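Okay, my_file_25.tsv now, which holds TSV, C-alpha atoms:
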chain	number	residue	atom	x	y	z
A	12	MET	CA	-1.18	-43.72	-41.28
A	13	LYS	CA	-3.21	-40.53	-41.64
A	14	ARG	CA	-6.39	-42.42	-40.72
A	15	ALA	CA	-4.76	-43.90	-37.61
A	16	PHE	CA	-3.66	-40.40	-36.55
A	17	HIS	CA	-7.22	-39.08	-36.90
A	18	ILE	CA	-8.64	-41.98	-34.89
A	19	VAL	CA	-6.13	-41.43	-32.09
A	20	PHE	CA	-6.63	-37.66	-32.20
A	21	PHE	CA	-10.43	-37.84	-31.95
A	22	THR	CA	-10.23	-40.54	-29.28
A	23	LEU	CA	-8.04	-38.27	-27.17
A	24	ILE	CA	-10.43	-35.34	-27.71
A	25	PHE	CA	-13.36	-37.55	-26.62
A	26	ILE	CA	-11.53	-38.77	-23.51
A	27	GLU	CA	-10.57	-35.21	-22.55
A	28	ALA	CA	-14.13	-33.96	-23.03
A	29	PHE	CA	-15.54	-36.84	-20.97
A	30	ALA	CA	-12.98	-36.32	-18.20
A	31	GLN	CA	-13.87	-32.63	-17.94
A	32	LYS	CA	-17.55	-33.46	-17.42
A	33	GLN	CA	-16.90	-35.71	-14.44
A	34	CYS	CA	-16.37	-34.41	-10.93
A	35	ASP	CA	-16.76	-35.39	-7.31
A	36	THR	CA	-19.50	-33.16	-5.97
A	37	ILE	CA	-18.49	-31.05	-3.02
A	38	VAL	CA	-21.29	-29.62	-0.88
A	39	ASN	CA	-20.12	-27.47	2.00
A	40	LYS	CA	-22.39	-25.90	4.60
A	41	VAL	CA	-20.49	-22.96	6.07
A	42	ASP	CA	-21.12	-20.25	8.66
A	43	THR	CA	-21.79	-16.64	7.72
A	44	ALA	CA	-18.22	-15.38	8.15
A	45	THR	CA	-16.84	-18.18	5.99
A	46	PHE	CA	-19.57	-17.71	3.38
A	47	LYS	CA	-18.86	-13.97	3.18
A	48	ALA	CA	-15.11	-14.53	2.92
A	49	MET	CA	-15.52	-17.17	0.23
A	50	LEU	CA	-17.80	-14.90	-1.78
A	51	ALA	CA	-15.18	-12.16	-1.64
A	52	LYS	CA	-12.26	-14.40	-2.65
A	53	HIS	CA	-13.69	-16.91	-5.12
A	54	ASP	CA	-15.51	-16.74	-8.40
A	55	GLY	CA	-18.95	-18.23	-8.40
A	56	THR	CA	-22.64	-17.56	-8.70
A	57	LEU	CA	-24.72	-16.57	-5.69
A	58	ILE	CA	-28.20	-18.13	-5.78
A	59	ASP	CA	-31.09	-17.12	-3.54
A	60	VAL	CA	-33.62	-19.96	-3.64
A	61	ARG	CA	-36.38	-18.09	-1.80
A	62	THR	CA	-39.56	-16.86	-3.48
A	63	SER	CA	-39.45	-13.73	-5.65
A	64	ASP	CA	-41.40	-11.81	-2.98
A	65	GLU	CA	-38.82	-12.77	-0.35
A	66	PHE	CA	-36.01	-11.86	-2.76
A	67	ILE	CA	-37.48	-8.42	-3.50
A	68	SER	CA	-37.80	-7.71	0.24
A	69	GLY	CA	-34.01	-8.03	0.61
A	70	HIS	CA	-31.17	-10.29	-0.53
A	71	ILE	CA	-27.39	-10.55	-0.52
A	72	LYS	CA	-25.91	-8.20	-3.10
A	73	GLY	CA	-25.13	-9.96	-6.37
A	74	ALA	CA	-27.57	-12.82	-5.85
A	75	VAL	CA	-29.77	-14.22	-8.58
A	76	ASN	CA	-33.18	-15.54	-7.63
A	77	ILE	CA	-34.05	-19.13	-8.58
A	78	ASP	CA	-37.11	-20.01	-6.50
A	79	PHE	CA	-36.80	-23.59	-5.22
A	80	ARG	CA	-40.57	-23.98	-5.02
A	81	ALA	CA	-41.28	-22.59	-8.51
A	82	SER	CA	-42.36	-24.95	-11.27
A	83	ASP	CA	-39.40	-23.88	-13.41
A	84	PHE	CA	-36.70	-24.47	-10.77
A	85	GLU	CA	-35.32	-27.61	-12.42
A	86	LYS	CA	-35.33	-25.97	-15.86
A	87	LYS	CA	-33.41	-22.92	-14.57
A	88	ILE	CA	-30.89	-25.09	-12.72
A	89	ALA	CA	-30.36	-27.19	-15.85
A	90	LYS	CA	-29.16	-24.07	-17.69
A	91	LEU	CA	-26.28	-23.54	-15.25
A	92	GLU	CA	-22.75	-24.76	-15.91
A	93	LYS	CA	-22.05	-27.72	-13.66
A	94	HIS	CA	-18.31	-27.07	-13.20
A	95	LYS	CA	-18.73	-23.62	-11.69
A	96	THR	CA	-19.02	-22.82	-8.01
A	97	TYR	CA	-22.46	-21.97	-6.63
A	98	TYR	CA	-23.21	-20.23	-3.35
A	99	VAL	CA	-26.75	-21.11	-2.26
A	100	TYR	CA	-28.93	-19.69	0.49
A	101	CYS	CA	-32.55	-19.33	1.56
A	102	ALA	CA	-34.29	-17.89	4.62
A	103	ILE	CA	-33.11	-20.34	7.31
A	104	GLY	CA	-31.47	-23.26	5.50
A	105	GLY	CA	-34.18	-25.76	4.58
A	106	ARG	CA	-34.75	-24.90	0.93
A	107	SER	CA	-31.05	-24.32	0.26
A	108	THR	CA	-30.30	-27.79	1.63
A	109	GLN	CA	-32.92	-29.30	-0.68
A	110	ALA	CA	-31.70	-27.23	-3.64
A	111	ALA	CA	-28.08	-28.26	-3.02
A	112	GLU	CA	-29.07	-31.92	-2.80
A	113	TYR	CA	-30.94	-31.62	-6.09
A	114	MET	CA	-27.96	-29.89	-7.72
A	115	LYS	CA	-25.74	-32.69	-6.42
A	116	THR	CA	-27.93	-35.31	-8.11
A	117	GLN	CA	-27.61	-33.32	-11.34
A	118	GLY	CA	-23.81	-33.45	-11.28
A	119	PHE	CA	-22.88	-29.99	-10.06
A	120	CYS	CA	-19.32	-29.96	-8.76
A	121	LYS	CA	-19.08	-27.33	-6.05
A	122	ILE	CA	-21.96	-26.04	-3.94
A	123	ILE	CA	-21.45	-23.82	-0.91
A	124	MET	CA	-24.48	-23.39	1.37
A	125	LEU	CA	-25.02	-20.64	3.91
A	126	ASP	CA	-25.76	-22.35	7.24
A	127	ARG	CA	-28.97	-20.98	8.78
A	128	GLY	CA	-29.59	-18.84	5.69
A	129	LEU	CA	-30.28	-15.15	5.34
A	130	ARG	CA	-31.44	-14.99	8.95
A	131	ALA	CA	-27.92	-15.81	10.16
A	132	TRP	CA	-26.47	-13.38	7.61
A	133	THR	CA	-28.51	-10.45	8.92
A	134	GLU	CA	-28.04	-11.49	12.57
A	135	ALA	CA	-24.29	-11.29	11.94
A	136	GLY	CA	-24.78	-7.68	10.82
A	137	TYR	CA	-24.01	-8.28	7.16
A	138	PRO	CA	-25.87	-6.08	4.67
A	139	ILE	CA	-28.69	-6.96	2.32
A	140	THR	CA	-30.02	-4.99	-0.61
A	141	LYS	CA	-33.30	-4.48	-2.43
A	142	GLU	CA	-31.62	-3.60	-5.73

Written form, structure tokens:
Amino acid sequence: MKRAFHIVFFTLIFIEAFAQKQCDTIVNKVDTATFKAMLAKHDGTLIDVRTSDEFISGHIKGAVNIDFRASDFEKKIAKLEKHKTYYVYCAIGGRSTQAAEYMKTQGFCKIIMLDRGLRAWTEAGYPITKE
């Protein structure tokens, strides 16, 4: 009886763990106002996929830089938790689209992309920082 309990218990733990690892990937491309509002209201990690030189010249406050074109991009992305929300942007939208597609293939659950990138952000009058 005790053995049967342990088998059932560990089977349930395994099923629960497996279920938590599965998700339907959601990739949303949103305009600047929506992106800004979502950043303010929702937890998540803001990722700037431009080069480090571009990042240093100005970025959205709170962003982390993971250069899409760097040789260690895939390694850095692999270290991220797949069930969290990620806000991704680049200069005009090309690299962030590619980065989001890659993240999707890796099983990330929720990716929000800034349509037209940092250019649209600054054109809308939203601030950037060099800190």

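For the set A:Thr108, A:Tyr98, A:Glu142, A:Ala135, the residue with the smallest atom-to-atom gap to Ala51 of chain A is A:Tyr98, counting all atoms listed in the file.
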
Given all atoms listed in the file as the counted atoms, nearest of A:Lys93, A:Lys47, A:Arg80, A:Arg130 to Val60 of chain A: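 That would be A:Arg80, the residue with the smallest distance to Val60 of chain A.
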
Write out as a PyMOL selection string the residues lying within 9 Å of Arg127 of chain A, counting only C-alpha atoms and excluding same-chain residues fewer than 5 positions away. chain A and resi 42-43+100-105+132

Hey, what's within 12 Å of Asp54 of chain A if we count only C-alpha atoms and toss same-chain stuff fewer than 3 positions away? As a list of chain:residue names, please?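 After dropping sequence-adjacent residues, the list is A:Ala48, A:Met49, A:Leu50, A:Ala51, A:Leu57, A:Gly73, A:His94, A:Lys95, A:Thr96, A:Tyr97, A:Tyr98, A:Lys121, A:Ile123.
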
Selection: 10 Å around segment 115-120 of chain A, only C-alpha atoms, excl. self and same-chain fewer than 6 positions, as number ranges by chain: A: 32-38, 85, 88-89, 91-97, 109

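You will find atom CA of Ser107 of chain A at 9.8 Å from atom CA of Lys40 of chain A.
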
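Relative to atom CA of Thr45 of chain A, atom CA of Asp64 of chain A is found at 26.9 Å.
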
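Shortest separation to His70 of chain A among A:Ile58, A:Glu112, A:Asp126, A:Glu134 occurs at residue A:Ile58, atoms counted being all atoms listed in the file.
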
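Atom pair atom CA of Gly55 of chain A / atom CA of Gly69 of chain A: separated by 20.3 Å.
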
Residue nearest Val41 of chain A - candidates A:Val99, A:Lys86, A:Arg106, A:Tyr113, atoms counted: all atoms listed in the file: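 Distance minimum relative to Val41 of chain A lands on A:Val99.
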